[in-house]
Amino acid sequence: MLNLTYEYKLIPTDTQRQTFDQWLNICRKVYNFALRERKDWVNSRKCDINSCSIKQEYIIPDDAPRPTFARQCKSLASAKKLIPELKLPHTHVLQQALRQLEAAFVAMWERGHGFPRFKQRMRSFVFPQLNLESVKRFDGADWVNLPKIGPVKMHLSRPIPQGFDVKQIRVVKRASGYVAMLSLQCDVAVPQASPSGHGLGIDLGLKHFLATSDGELIDRPRFFVDGQRKLKLLQRQLKRKKKGSRKFRQIQHQIALHHEYISNSRKDFHFKTAHHLCTWAQTIFAEDLNLKAMSAGMMSKHTLDSGFGQFLNILGHVCFQRGAYFAKVDPNGTSQTCPRCQTHTGKKELSERVHRCQTCGYETNRDVAAAQVVLQRGYTAVGQIAVNFGEG
């Protein structure tokens with residue numbers, strides 16, 4: 001089963017834009033109410049049966065079942081009879097808000113995420129059951145037909161591939177406007193690419209964005225750092241405006257647009273870099289970094305500005321698209337191992353940018369040597385003969 005997600009710009013009317021905002025607000029209320037219900041149930045079971053809290057007590061019967069996705073969907077259907085506002089959005093849209101909450105709790109239980117928090121704003125809602133007939137072209141324009149909203153004009157920047165069906169549509173609100181994210185699905189099995197052709201190991205860092213085992217060094221653009229001056233100016237202006245005024249909202253929107261520009265610039269750089277690597281190599285290995293620990297250190301701002309996690313995800317996607325093999329290897333000690341003789345050279349200071357092996361005399365850039373070790377570990381993991389660097 002092959003899944004793709006295509007993103008298209010929506011061009012709604014003023015009435016449709018107001019409807020989108022109203023639905024997002026209702027989804028936020030449903031999400032927060034369901035979260036409040038779950039938190040109250042959990043808090044009512046915290047104290048011992050023979051000693052209640054002296055501060056507050058949650059009056060919930062001891063036989064009350066735990067709020068689950070199925071039970072809260074059933075409660076939502078009953079609440080529609082009492083609250084007319086809940087009848088405005090499509091039923092599936094509100095159910096998807098509850099499913100999003102359920103996914104947040106599953107991530108907390110299984111992947112160690114934090115306890116779900118209340119939302120101040122909702123950024124998207126989902127229509128989970130649609131088909132390809134929802135996207136049509138007439139009167140010289142492209143339209144997407146959304147339930148209970150009607151046809152919404154859409155800029156079809158690229159055609160939907162043949163053989164794919166539209167399974168769901170997510171409407172996302174951004175600072176630059178609304179976009180539709182179409183989830184496409186095709187009932188075909190695509191085999192995983194096998195290691196072949198020219199191999200490449202990459203080492204990610206802050207001095208250079210990445211270094212390859214072929215000796216190429218790609219500089220790191222400082223997207224947020226370069227745009228921080230403009231953000232400071234805008235935020236200083238925002239501080240002087242009356243909260244909630246027209247000028248306050250205008251400057252707030254400018255700040256959101258600038259953040260979106262920084263994010264788009266970073267993603268564009270990641271895609272171009274990934275395609276550049278796939279042009280020169282058919283097998284790519286990267287370090288399986290602990291990104292959470294890296295983003296909490298002294299260089300956290302620069303680490304987050306580089307977006308290593310997003311780049312590795314994009315690189316894996318681009319490799320899949322272009323038929324290249326991509327895998328991650330153990331990152332421990334890559335900068336402390338000589339790629340020629342495999343000798344442990346000891347810990348290097350960050351200011352030491354050249355790898356010099358006292359055993360075999362191999363000398364090269366520190367990051368390039370680490371990338372060469374990554375390539376050797378990758379070949380060893382897939383059962384191929386590792387290349388030997390520095391001969392001759």
# chains A, B, ... in the order shown; residues from 1 in each chain; ligands from 1
>>> residues_around(residues="range 217-224 of chain A", least_positions_apart="5", cutoff="7 Å", atoms="only C-alpha atoms", output="list in words")
Leu206, His208, Phe209, Leu210, Ala211, Thr212, Ile262, Arg266 and Asp305 of chain A
>>> residues_around(residues="Lys292 in chain A", least_positions_apart="2", cutoff="12 Å", atoms="only C-alpha atoms", output="list in words")
His113, Asp288, Leu289, Asn290, Met294, Ser295, Ala296, Gly297, Ser300, Thr303, Leu304, Gly307, Phe308 and Gly309 of chain A
>>> write_last_selection(atoms="N, CA and C atoms", output="short mmCIF file (atom, residue, chain, number, x, y, z; two decimals), in the first residue's frame")
data_model
loop_
_atom_site.label_atom_id
_atom_site.label_comp_id
_atom_site.auth_asym_id
_atom_site.auth_seq_id
_atom_site.Cartn_x
_atom_site.Cartn_y
_atom_site.Cartn_z
N HIS A 113 5.57 10.56 25.51
CA HIS A 113 5.25 11.97 25.36
C HIS A 113 4.60 12.49 26.64
N ASP A 288 22.21 7.77 13.50
CA ASP A 288 20.94 7.72 14.22
C ASP A 288 21.10 8.57 15.49
N LEU A 289 20.96 9.88 15.33
CA LEU A 289 21.28 10.82 16.40
C LEU A 289 20.18 10.88 17.45
N ASN A 290 20.58 11.21 18.68
CA ASN A 290 19.64 11.50 19.76
C ASN A 290 19.29 12.98 19.67
N MET A 294 20.33 16.57 21.83
CA MET A 294 21.08 17.63 21.14
C MET A 294 20.37 18.97 21.24
N SER A 295 19.03 18.95 21.19
CA SER A 295 18.27 20.20 21.20
C SER A 295 18.14 20.78 22.60
N ALA A 296 18.67 20.11 23.61
CA ALA A 296 18.58 20.61 24.99
C ALA A 296 19.93 21.09 25.51
N GLY A 297 20.94 21.12 24.66
CA GLY A 297 22.27 21.52 25.11
C GLY A 297 22.51 23.01 24.99
N SER A 300 21.39 24.80 21.68
CA SER A 300 20.04 24.33 21.34
C SER A 300 19.41 25.18 20.24
N THR A 303 20.93 24.22 16.97
CA THR A 303 20.55 22.85 16.62
C THR A 303 19.12 22.80 16.08
N LEU A 304 18.21 23.49 16.76
CA LEU A 304 16.84 23.53 16.30
C LEU A 304 16.71 24.30 15.00
N GLY A 307 17.38 21.97 12.05
CA GLY A 307 16.29 21.06 11.72
C GLY A 307 16.78 19.69 11.26
N PHE A 308 17.68 19.09 12.04
CA PHE A 308 18.25 17.80 11.63
C PHE A 308 17.18 16.72 11.53
N GLY A 309 16.22 16.71 12.46
CA GLY A 309 15.18 15.68 12.41
C GLY A 309 14.34 15.78 11.14
#
>>> residues_around(residues="Ile251 in chain A", least_positions_apart="3", cutoff="10 Å", atoms="only C-alpha atoms", output="list in words")
Leu234, Gln235, Gln237, Leu238, Lys239, Lys241, Arg246, Lys247, Phe248, Gln254, Ile255, Ala256 and Leu257 of chain A
>>> write_last_selection(atoms="N, CA and C atoms", output="compact mmCIF listing (two decimals), in the first residue's frame")
# COMPACT_ATOMS: atom_id res chain seq x y z
N LEU A 234 9.69 43.51 15.03
CA LEU A 234 8.24 43.35 15.02
C LEU A 234 7.68 43.12 16.42
N GLN A 235 8.37 42.32 17.21
CA GLN A 235 7.89 42.04 18.57
C GLN A 235 8.00 43.27 19.47
N GLN A 237 7.54 46.32 18.30
CA GLN A 237 6.37 47.11 17.91
C GLN A 237 5.09 46.55 18.51
N LEU A 238 5.00 45.21 18.57
CA LEU A 238 3.80 44.57 19.11
C LEU A 238 3.62 44.92 20.59
N LYS A 239 4.73 45.01 21.31
CA LYS A 239 4.67 45.28 22.75
C LYS A 239 4.08 46.67 23.02
N LYS A 241 1.72 48.20 21.27
CA LYS A 241 0.34 48.35 20.80
C LYS A 241 -0.64 47.84 21.85
N ARG A 246 -6.61 46.79 16.25
CA ARG A 246 -6.40 46.43 14.85
C ARG A 246 -4.91 46.39 14.52
N LYS A 247 -4.15 47.35 14.96
CA LYS A 247 -2.71 47.37 14.69
C LYS A 247 -2.01 46.22 15.40
N PHE A 248 -2.47 45.84 16.58
CA PHE A 248 -1.91 44.70 17.30
C PHE A 248 -2.07 43.42 16.48
N GLN A 254 2.00 39.74 10.82
CA GLN A 254 3.31 39.88 10.19
C GLN A 254 4.34 38.96 10.84
N ILE A 255 4.29 38.83 12.16
CA ILE A 255 5.20 37.92 12.87
C ILE A 255 4.95 36.48 12.45
N ALA A 256 3.68 36.10 12.35
CA ALA A 256 3.35 34.72 11.93
C ALA A 256 3.82 34.47 10.50
N LEU A 257 3.66 35.46 9.61
CA LEU A 257 4.13 35.30 8.23
C LEU A 257 5.65 35.13 8.17
>>> closest_residue(among="A:Phe127, A:Tyr178, A:Phe105, A:Phe118", to="Gln18 in chain A", atoms="only C-alpha atoms")
A:Tyr178
>>> closest_residue(among="A:Met108, A:Leu10, A:Ala281, A:Ala381", to="Trp143 in chain A", atoms="only C-alpha atoms")
A:Leu10
>>> residues_around(residues="Cys341 in chain A", least_positions_apart="2", cutoff="9 Å", atoms="only C-alpha atoms", output="PyMOL selection string")
chain A and resi 337-339+343+357+359-360+362+388-389
>>> write_last_selection(atoms="C-alpha atoms", output="compact mmCIF listing (two decimals), in the first residue's frame")
# COMPACT_ATOMS: atom_id res chain seq x y z
CA THR A 337 37.66 6.40 15.03
CA CYS A 338 40.17 6.47 12.20
CA PRO A 339 38.50 5.45 8.91
CA THR A 343 42.09 2.98 15.69
CA CYS A 357 45.79 9.48 13.31
CA THR A 359 48.98 5.18 14.17
CA CYS A 360 48.69 5.31 10.37
CA TYR A 362 45.85 9.53 7.97
CA ASN A 388 39.08 1.61 3.05
CA PHE A 389 39.90 5.32 2.98
>>> closest_residue(among="A:Tyr379, A:Tyr325, A:Tyr8, A:Tyr31", to="Ala193 in chain A", atoms="only C-alpha atoms")
A:Tyr325
>>> select_by_dssp(residues="range 106-310 of chain A", states="strand (DSSP E or B)", output="PyMOL selection string")
chain A and resi 124-127+135-138+141-146+150-155+165-174+177-186+199-204+210-212+217-218+283-287
>>> closest_residue(among="A:Phe125, A:Ala274, A:Arg340, A:Lys81", to="Ala97 in chain A", atoms="only C-alpha atoms")
A:Phe125
